[in-house]
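Okay, coords_5.tsv now, which holds TSV, C-alpha atoms:
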```
chain	number	residue	atom	x	y	z
A	932	MET	CA	60.44	-94.05	3.10
A	933	THR	CA	57.56	-92.87	5.28
A	934	PRO	CA	56.82	-89.15	5.21
A	935	PRO	CA	57.46	-87.50	8.58
A	936	ALA	CA	54.78	-85.93	10.68
A	937	ALA	CA	53.31	-82.63	9.65
A	938	ARG	CA	51.80	-79.72	11.54
A	939	TYR	CA	48.64	-77.78	10.91
A	940	ALA	CA	46.94	-74.66	12.16
A	941	THR	CA	43.84	-72.66	11.37
A	942	VAL	CA	43.29	-68.92	11.20
A	943	ALA	CA	40.09	-66.91	10.82
A	944	THR	CA	39.80	-65.12	7.47
A	945	PRO	CA	36.97	-63.01	6.04
A	946	PRO	CA	35.71	-65.85	3.78
A	947	GLY	CA	35.93	-68.39	6.64
A	948	PRO	CA	38.41	-70.50	8.63
A	949	PHE	CA	41.58	-71.26	6.67
A	950	SER	CA	43.81	-74.22	7.55
A	951	VAL	CA	47.32	-75.03	6.42
A	952	VAL	CA	49.24	-78.33	6.63
A	953	VAL	CA	53.03	-77.94	6.54
A	954	ALA	CA	56.05	-80.22	6.70
A	955	HIS	CA	59.76	-79.48	6.89
A	956	GLY	CA	61.42	-79.01	3.53
A	957	ALA	CA	64.94	-80.12	2.64
A	958	ASP	CA	66.26	-76.79	3.95
A	959	GLY	CA	64.42	-77.22	7.26
A	960	GLN	CA	61.90	-74.49	6.41
A	961	ASP	CA	58.17	-75.21	6.33
A	962	VAL	CA	56.57	-76.08	3.00
A	963	VAL	CA	52.82	-76.09	2.45
A	964	LEU	CA	51.40	-79.52	1.60
A	965	ALA	CA	47.73	-78.51	1.63
A	966	SER	CA	45.55	-75.58	2.53
A	967	GLY	CA	41.98	-74.44	2.25
A	968	TRP	CA	38.88	-72.91	3.77
A	969	THR	CA	38.07	-75.44	6.45
A	970	ASP	CA	38.80	-75.92	10.11
A	971	ASP	CA	38.82	-79.71	9.68
A	972	VAL	CA	42.30	-80.98	8.85
A	973	SER	CA	40.85	-84.36	7.84
A	974	VAL	CA	39.41	-82.64	4.76
A	975	LEU	CA	42.91	-81.53	3.67
A	976	LEU	CA	44.85	-84.76	4.16
A	977	PRO	CA	43.29	-86.74	1.27
A	978	VAL	CA	44.29	-84.08	-1.29
A	979	ILE	CA	47.99	-84.46	-0.42
A	980	HIS	CA	49.74	-86.81	-2.86
A	981	ARG	CA	50.19	-90.22	-1.26
A	982	SER	CA	54.00	-89.94	-1.44
A	983	LEU	CA	53.87	-86.71	0.59
A	984	ARG	CA	50.93	-87.50	2.87
A	985	PRO	CA	52.05	-87.49	6.50
A	986	VAL	CA	51.38	-90.46	8.71
A	987	TRP	CA	50.10	-88.11	11.37
A	988	VAL	CA	49.64	-84.39	11.91
A	989	GLU	CA	49.82	-82.36	15.05
A	990	LEU	CA	48.05	-79.13	15.84
A	991	ALA	CA	50.43	-76.18	16.11
A	992	GLU	CA	49.67	-73.09	18.18
A	993	SER	CA	50.70	-71.06	15.16
A	994	LEU	CA	52.72	-71.42	11.99
A	995	PRO	CA	54.87	-68.73	10.33
A	996	VAL	CA	52.92	-69.20	7.09
A	997	LEU	CA	49.80	-67.94	8.85
A	998	ASP	CA	51.53	-64.55	9.23
A	999	THR	CA	51.66	-64.50	5.43
A	1000	VAL	CA	47.97	-65.38	5.24
A	1001	GLU	CA	47.21	-62.50	7.60
A	1002	ASP	CA	49.39	-60.19	5.43
A	1003	PHE	CA	47.36	-61.26	2.39
A	1004	PHE	CA	44.11	-60.43	4.16
A	1005	ALA	CA	45.59	-57.12	5.33
A	1006	GLY	CA	45.77	-56.04	1.68
A	1007	ARG	CA	49.19	-57.34	0.62
A	1008	VAL	CA	47.83	-59.81	-1.93
A	1009	ASP	CA	51.29	-60.58	-3.31
A	1010	ALA	CA	52.50	-61.77	0.13
A	1011	ILE	CA	51.62	-65.36	-0.82
A	1012	ASP	CA	53.88	-65.42	-3.88
A	1013	GLU	CA	57.02	-66.75	-2.21
A	1014	VAL	CA	55.50	-69.28	0.20
A	1015	PRO	CA	57.15	-72.66	-0.51
A	1016	VAL	CA	54.69	-75.33	-1.63
A	1017	ARG	CA	55.23	-79.01	-2.34
A	1018	GLN	CA	52.83	-80.91	-4.57
A	1019	ARG	CA	53.44	-84.00	-6.61
A	1020	SER	CA	51.82	-85.46	-9.71
A	1021	GLY	CA	52.69	-85.85	-13.37
A	1022	PRO	CA	54.84	-83.35	-15.27
A	1023	PHE	CA	51.94	-81.34	-16.73
A	1024	LEU	CA	50.20	-80.81	-13.40
A	1025	GLU	CA	53.38	-79.93	-11.56
A	1026	GLU	CA	54.30	-77.39	-14.24
A	1027	ALA	CA	50.74	-76.02	-14.32
A	1028	TRP	CA	50.79	-75.46	-10.55
A	1029	GLU	CA	53.99	-73.44	-10.94
A	1030	VAL	CA	52.41	-71.47	-13.78
A	1031	LEU	CA	49.33	-70.77	-11.64
A	1032	ARG	CA	51.61	-68.81	-9.35
A	1033	THR	CA	52.30	-66.39	-12.23
A	1034	VAL	CA	48.65	-65.38	-12.70
A	1035	PRO	CA	48.61	-61.87	-11.22
A	1036	PRO	CA	46.12	-60.94	-8.51
A	1037	GLY	CA	43.28	-58.88	-9.91
A	1038	GLN	CA	43.89	-60.18	-13.45
A	1039	PRO	CA	42.33	-63.67	-13.62
A	1040	ASP	CA	42.82	-65.96	-16.60
A	1041	THR	CA	40.17	-68.12	-18.21
A	1042	TYR	CA	40.92	-71.84	-18.48
A	1043	ARG	CA	41.74	-71.18	-22.14
A	1044	GLU	CA	44.17	-68.36	-21.26
A	1045	PHE	CA	45.69	-70.50	-18.51
A	1046	ALA	CA	46.25	-73.35	-21.00
A	1047	VAL	CA	48.08	-70.87	-23.26
A	1048	ARG	CA	50.10	-69.60	-20.28
A	1049	CYS	CA	51.08	-73.26	-19.66
A	1050	GLY	CA	52.33	-73.54	-23.25
A	1051	HIS	CA	49.55	-75.97	-24.25
A	1052	PRO	CA	46.82	-73.85	-25.89
A	1053	THR	CA	44.58	-76.82	-26.69
A	1054	ALA	CA	44.84	-78.39	-23.22
A	1055	ILE	CA	41.91	-76.49	-21.74
A	1056	ARG	CA	40.50	-79.49	-19.86
A	1057	ALA	CA	43.96	-80.35	-18.52
A	1058	ALA	CA	44.33	-76.75	-17.34
A	1059	ALA	CA	40.97	-76.97	-15.56
A	1060	ASN	CA	42.05	-80.31	-14.03
A	1061	ALA	CA	45.21	-78.67	-12.67
A	1062	CYS	CA	43.04	-76.14	-10.86
A	1063	ALA	CA	40.70	-78.83	-9.54
A	1064	ARG	CA	43.57	-80.98	-8.22
A	1065	ASN	CA	45.50	-78.15	-6.56
A	1066	ALA	CA	45.98	-79.00	-2.89
A	1067	ALA	CA	47.54	-75.67	-1.85
A	1068	ALA	CA	44.68	-73.20	-2.24
A	1069	LEU	CA	45.58	-69.53	-1.95
A	1070	PHE	CA	49.36	-70.14	-2.26
A	1071	VAL	CA	48.83	-71.75	-5.67
A	1072	PRO	CA	46.02	-69.38	-6.65
A	1073	CYS	CA	43.70	-71.58	-8.69
A	1074	HIS	CA	40.90	-69.18	-7.73
A	1075	ARG	CA	42.44	-66.81	-10.31
A	1076	VAL	CA	41.22	-68.98	-13.21
A	1077	LEU	CA	37.70	-68.55	-14.55
A	1078	GLY	CA	35.56	-70.69	-16.83
A	1079	SER	CA	36.26	-70.23	-20.52
A	1080	ASP	CA	32.93	-68.38	-20.75
A	1081	GLY	CA	34.15	-65.91	-18.09
A	1082	GLY	CA	31.97	-67.46	-15.37
A	1083	LEU	CA	33.37	-68.50	-12.02
A	1084	GLY	CA	33.79	-72.17	-12.91
A	1085	GLY	CA	34.36	-74.43	-9.93
A	1086	PHE	CA	36.32	-74.12	-6.72
A	1087	ARG	CA	36.90	-76.82	-4.11
A	1088	TRP	CA	36.05	-74.33	-1.35
A	1089	GLY	CA	32.88	-73.03	-2.99
A	1090	THR	CA	32.15	-70.32	-5.50
A	1091	PRO	CA	31.22	-67.75	-2.81
A	1092	VAL	CA	34.80	-68.01	-1.45
A	1093	LYS	CA	36.19	-67.77	-5.00
A	1094	ARG	CA	34.06	-64.69	-5.76
A	1095	TRP	CA	35.14	-63.07	-2.49
A	1096	LEU	CA	38.84	-63.70	-3.26
A	1097	LEU	CA	38.57	-62.37	-6.82
A	1098	ASP	CA	36.78	-59.21	-5.68
A	1099	TYR	CA	39.24	-58.70	-2.82
A	1100	GLU	CA	42.28	-59.15	-5.06
A	1101	ALA	CA	40.81	-56.80	-7.68
A	1102	ALA	CA	40.49	-54.13	-4.98
A	1103	HIS	CA	43.99	-54.71	-3.52
A	1104	ALA	CA	46.17	-55.77	-6.46
A	1105	PRO	CA	49.28	-53.72	-7.07
A	1106	VAL	CA	48.78	-51.33	-9.95
A	1107	ALA	CA	50.76	-52.41	-13.00
A	1108	ALA	CA	53.36	-49.87	-14.08
```

Could you write out this file's structure as structure tokens?
Amino acid sequence: MTPPAARYATVATPPGPFSVVVAHGADGQDVVLASGWTDDVSVLLPVIHRSLRPVWVELAESLPVLDTVEDFFAGRVDAIDEVPVRQRSGPFLEEAWEVLRTVPPGQPDTYREFAVRCGHPTAIRAAANACARNAAALFVPCHRVLGSDGGLGGFRWGTPVKRWLLDYEAAHAPVAA
């Protein structure tokens, strides 16, 4: 079965242009297939799993998910938590991407801590790989995982963007009760 067409749009954000590729989910609502700090959709398409990759994409004037992105950048850093995302890979990666969504804003994990959060304390490299292969940046917040030495580690969209996001979330995260 050929995946249907998808739509994409770009919005300006403080760290740079942010684009999102969405498709209709089973319930008819949009699900994020890929996202990141670029205004070139051709950069996003290769990171979508081949079984989900659309045959073609069309530019949308706007997408509802971009309202959520704007809410995030207006200080509501938990606004991204409920955005539906669809990624596909093996069981560990799919589970790790779900677990990434539980890392609280303003409280980043190290790769080691993230591996523990995933239930596989010795799978530090696999945890780092899950971050590296995440196609849905921001919504699956891989930027919230640091190197095991506490350094920034890598980020597909560049460490300056990662640093900006971490500092922003630290300043806007809800205070734990």

Computed interatomic separation between CA of Glu1029 in chain A and CA of Gly956 in chain A (Å):
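Separating CA of Glu1029 in chain A from CA of Gly956 in chain A is a distance of 17.2 Å.
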
Can you measure CA of Glu1100 in chain A to CA of Gly1037 in chain A for me? One decimal in Å is fine.
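About the pair CA of Glu1100 in chain A and CA of Gly1037 in chain A: they are 5.0 Å apart.
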
Return the single residue from A:Pro1036, A:Thr969, A:Glu1044, A:Ala991 that is closest to Gly1006 in chain A, with distances computed using all atoms listed in the file.
A:Pro1036

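Among the candidate residues A:Arg1064, A:Arg1094, A:His1074, A:Arg938, the one lying nearest to Val1034 in chain A is A:His1074, with distances computed using all atoms listed in the file.
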
With all atoms listed in the file as the basis for distance, which of A:His1103, A:Ala954, A:Gly1089, A:Gly1050 is at the shortest distance from Val986 in chain A?
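Selected residue with least distance to Val986 in chain A: A:Ala954.
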
Using all atoms listed in the file, determine which residues lie at most 9 Å from Ala1046 in chain A, disregarding the query and same-chain residues fewer than 2 positions distant; provide the list as number ranges by chain.
A: 1027, 1041-1044, 1048-1059

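Interatomic distance, CA of Leu976 in chain A to CA of Ala957 in chain A: 20.7 Å.
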
So that I can see what lies close to Ala1061 in chain A, please list as a list in words the residues with an atom at most 9 Å from it, counting all atoms listed in the file and leaving out residues fewer than 4 positions away in the same chain.
Phe1023, Leu1024, Glu1025, Ala1027, Trp1028, Leu1031, Arg1056, Ala1057, Asn1065 and Cys1073 of chain A

Pull C-alpha atoms from the residues just selected and write them as a PDB file, in the frame of the given file.
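Everything below was put into part-v2.pdb:
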```
ATOM      1  CA  PHE A1023      51.940 -81.340 -16.730  1.00  0.00           C
ATOM      2  CA  LEU A1024      50.200 -80.810 -13.400  1.00  0.00           C
ATOM      3  CA  GLU A1025      53.380 -79.930 -11.560  1.00  0.00           C
ATOM      4  CA  ALA A1027      50.740 -76.020 -14.320  1.00  0.00           C
ATOM      5  CA  TRP A1028      50.790 -75.460 -10.550  1.00  0.00           C
ATOM      6  CA  LEU A1031      49.330 -70.770 -11.640  1.00  0.00           C
ATOM      7  CA  ARG A1056      40.500 -79.490 -19.860  1.00  0.00           C
ATOM      8  CA  ALA A1057      43.960 -80.350 -18.520  1.00  0.00           C
ATOM      9  CA  ASN A1065      45.500 -78.150  -6.560  1.00  0.00           C
ATOM     10  CA  CYS A1073      43.700 -71.580  -8.690  1.00  0.00           C
TER      11      CYS A1073
END
```

Restricting the calculation to only C-alpha atoms: of A:Val978, A:Ala1104, A:Val951, A:Arg1075, which residue gets closest to Phe1003 in chain A?
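So, comparing all the options, the nearest one is A:Ala1104.
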
When you look at Ala940 in chain A with a cut-off of 9 Å (counting all atoms listed in the file), what residues show up, excluding the ones that are within fewer than 6 positions of it in the same chain? I need them as a list of chain:residue names.
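The filter keeps A:Phe949, A:Ser950, A:Val951, A:Val952, A:Val953, A:Asp970, A:Val972, A:Glu989, A:Leu990, A:Ala991, A:Glu992, A:Ser993, A:Leu994, A:Leu997.
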
Hey, could you make a per-residue contact list for range 1055-1079 of chain A against range 1009-1014 of chain A with 9 Å as the cut-off, showing the nearest pair of atoms and its distance in Å to one decimal, counting all atoms listed in the file, sorted by chain and number, as JSON lines?
```
{"residue": "A:Leu1069", "atom": "CA", "partner": "A:Ile1011", "partner_atom": "CA", "distance": 7.4}
{"residue": "A:Phe1070", "atom": "CA", "partner": "A:Ile1011", "partner_atom": "CA", "distance": 5.5}
{"residue": "A:Val1071", "atom": "CA", "partner": "A:Asp1012", "partner_atom": "CA", "distance": 8.3}
```

Find, counting all atoms listed in the file, the residue in A:Val963, A:Pro977, A:Val1000, A:Pro1091 that gets nearest to Val942 in chain A.
A:Val1000

Emit range 958-988 of chain A of the structure in the block as a file comprising N, CA and C atoms, as a PDB file, in the first residue's frame.
```pdb
ATOM      1  N   ASP A 958      -7.673   8.279  12.676  1.00  0.00           N
ATOM      2  CA  ASP A 958      -8.859   9.014  13.139  1.00  0.00           C
ATOM      3  C   ASP A 958      -9.139  10.265  12.306  1.00  0.00           C
ATOM      4  N   GLY A 959      -8.354  10.477  11.247  1.00  0.00           N
ATOM      5  CA  GLY A 959      -8.538  11.637  10.391  1.00  0.00           C
ATOM      6  C   GLY A 959      -7.801  12.873  10.868  1.00  0.00           C
ATOM      7  N   GLN A 960      -7.239  12.823  12.076  1.00  0.00           N
ATOM      8  CA  GLN A 960      -6.481  13.952  12.601  1.00  0.00           C
ATOM      9  C   GLN A 960      -5.048  13.899  12.068  1.00  0.00           C
ATOM     10  N   ASP A 961      -4.397  15.038  12.014  1.00  0.00           N
ATOM     11  CA  ASP A 961      -3.010  15.094  11.568  1.00  0.00           C
ATOM     12  C   ASP A 961      -2.086  14.410  12.567  1.00  0.00           C
ATOM     13  N   VAL A 962      -1.104  13.696  12.045  1.00  0.00           N
ATOM     14  CA  VAL A 962      -0.014  13.147  12.851  1.00  0.00           C
ATOM     15  C   VAL A 962       1.292  13.637  12.235  1.00  0.00           C
ATOM     16  N   VAL A 963       2.245  13.957  13.098  1.00  0.00           N
ATOM     17  CA  VAL A 963       3.543  14.440  12.652  1.00  0.00           C
ATOM     18  C   VAL A 963       4.383  13.252  12.191  1.00  0.00           C
ATOM     19  N   LEU A 964       4.903  13.342  10.966  1.00  0.00           N
ATOM     20  CA  LEU A 964       5.829  12.334  10.444  1.00  0.00           C
ATOM     21  C   LEU A 964       7.273  12.778  10.612  1.00  0.00           C
ATOM     22  N   ALA A 965       7.505  14.080  10.495  1.00  0.00           N
ATOM     23  CA  ALA A 965       8.864  14.622  10.635  1.00  0.00           C
ATOM     24  C   ALA A 965       8.762  16.102  10.926  1.00  0.00           C
ATOM     25  N   SER A 966       9.798  16.601  11.598  1.00  0.00           N
ATOM     26  CA  SER A 966       9.844  18.027  11.900  1.00  0.00           C
ATOM     27  C   SER A 966      11.273  18.402  12.250  1.00  0.00           C
ATOM     28  N   GLY A 967      11.573  19.678  12.057  1.00  0.00           N
ATOM     29  CA  GLY A 967      12.909  20.146  12.404  1.00  0.00           C
ATOM     30  C   GLY A 967      13.160  21.565  11.961  1.00  0.00           C
ATOM     31  N   TRP A 968      14.338  22.058  12.341  1.00  0.00           N
ATOM     32  CA  TRP A 968      14.708  23.452  12.091  1.00  0.00           C
ATOM     33  C   TRP A 968      15.313  23.600  10.708  1.00  0.00           C
ATOM     34  N   THR A 969      14.428  23.677   9.740  1.00  0.00           N
ATOM     35  CA  THR A 969      14.786  23.874   8.345  1.00  0.00           C
ATOM     36  C   THR A 969      13.570  24.456   7.634  1.00  0.00           C
ATOM     37  N   ASP A 970      13.810  25.130   6.542  1.00  0.00           N
ATOM     38  CA  ASP A 970      12.689  25.553   5.705  1.00  0.00           C
ATOM     39  C   ASP A 970      12.686  24.773   4.392  1.00  0.00           C
ATOM     40  N   ASP A 971      13.468  23.690   4.360  1.00  0.00           N
ATOM     41  CA  ASP A 971      13.587  22.847   3.168  1.00  0.00           C
ATOM     42  C   ASP A 971      12.991  21.472   3.467  1.00  0.00           C
ATOM     43  N   VAL A 972      11.780  21.232   2.990  1.00  0.00           N
ATOM     44  CA  VAL A 972      11.098  19.972   3.282  1.00  0.00           C
ATOM     45  C   VAL A 972      11.879  18.760   2.765  1.00  0.00           C
ATOM     46  N   SER A 973      12.703  18.938   1.749  1.00  0.00           N
ATOM     47  CA  SER A 973      13.466  17.810   1.213  1.00  0.00           C
ATOM     48  C   SER A 973      14.480  17.275   2.220  1.00  0.00           C
ATOM     49  N   VAL A 974      14.820  18.068   3.228  1.00  0.00           N
ATOM     50  CA  VAL A 974      15.713  17.613   4.291  1.00  0.00           C
ATOM     51  C   VAL A 974      14.962  16.680   5.245  1.00  0.00           C
ATOM     52  N   LEU A 975      13.661  16.890   5.404  1.00  0.00           N
ATOM     53  CA  LEU A 975      12.860  16.096   6.339  1.00  0.00           C
ATOM     54  C   LEU A 975      12.407  14.753   5.764  1.00  0.00           C
ATOM     55  N   LEU A 976      12.139  14.707   4.490  1.00  0.00           N
ATOM     56  CA  LEU A 976      11.559  13.488   3.907  1.00  0.00           C
ATOM     57  C   LEU A 976      12.427  12.244   4.086  1.00  0.00           C
ATOM     58  N   PRO A 977      13.748  12.305   3.931  1.00  0.00           N
ATOM     59  CA  PRO A 977      14.548  11.080   4.085  1.00  0.00           C
ATOM     60  C   PRO A 977      14.547  10.485   5.499  1.00  0.00           C
ATOM     61  N   VAL A 978      14.210  11.274   6.524  1.00  0.00           N
ATOM     62  CA  VAL A 978      14.219  10.733   7.885  1.00  0.00           C
ATOM     63  C   VAL A 978      12.913  10.019   8.235  1.00  0.00           C
ATOM     64  N   ILE A 979      11.916  10.124   7.367  1.00  0.00           N
ATOM     65  CA  ILE A 979      10.654   9.410   7.578  1.00  0.00           C
ATOM     66  C   ILE A 979      10.860   7.960   7.155  1.00  0.00           C
ATOM     67  N   HIS A 980      10.443   7.024   7.997  1.00  0.00           N
ATOM     68  CA  HIS A 980      10.590   5.598   7.686  1.00  0.00           C
ATOM     69  C   HIS A 980       9.976   5.312   6.318  1.00  0.00           C
ATOM     70  N   ARG A 981      10.612   4.473   5.558  1.00  0.00           N
ATOM     71  CA  ARG A 981      10.174   4.220   4.173  1.00  0.00           C
ATOM     72  C   ARG A 981       8.722   3.757   4.087  1.00  0.00           C
ATOM     73  N   SER A 982       8.223   3.070   5.109  1.00  0.00           N
ATOM     74  CA  SER A 982       6.827   2.608   5.062  1.00  0.00           C
ATOM     75  C   SER A 982       5.834   3.744   5.333  1.00  0.00           C
ATOM     76  N   LEU A 983       6.312   4.856   5.839  1.00  0.00           N
ATOM     77  CA  LEU A 983       5.459   6.013   6.120  1.00  0.00           C
ATOM     78  C   LEU A 983       5.721   7.182   5.177  1.00  0.00           C
ATOM     79  N   ARG A 984       6.829   7.108   4.445  1.00  0.00           N
ATOM     80  CA  ARG A 984       7.255   8.234   3.610  1.00  0.00           C
ATOM     81  C   ARG A 984       6.224   8.494   2.516  1.00  0.00           C
ATOM     82  N   PRO A 985       5.723   9.718   2.450  1.00  0.00           N
ATOM     83  CA  PRO A 985       4.722  10.033   1.420  1.00  0.00           C
ATOM     84  C   PRO A 985       5.348  10.060   0.028  1.00  0.00           C
ATOM     85  N   VAL A 986       4.527   9.753  -0.945  1.00  0.00           N
ATOM     86  CA  VAL A 986       4.963   9.820  -2.331  1.00  0.00           C
ATOM     87  C   VAL A 986       5.194  11.275  -2.735  1.00  0.00           C
ATOM     88  N   TRP A 987       4.356  12.145  -2.245  1.00  0.00           N
ATOM     89  CA  TRP A 987       4.518  13.568  -2.504  1.00  0.00           C
ATOM     90  C   TRP A 987       3.974  14.361  -1.325  1.00  0.00           C
ATOM     91  N   VAL A 988       4.436  15.586  -1.213  1.00  0.00           N
ATOM     92  CA  VAL A 988       3.971  16.490  -0.161  1.00  0.00           C
ATOM     93  C   VAL A 988       3.518  17.788  -0.799  1.00  0.00           C
TER      94      VAL A 988
END
```
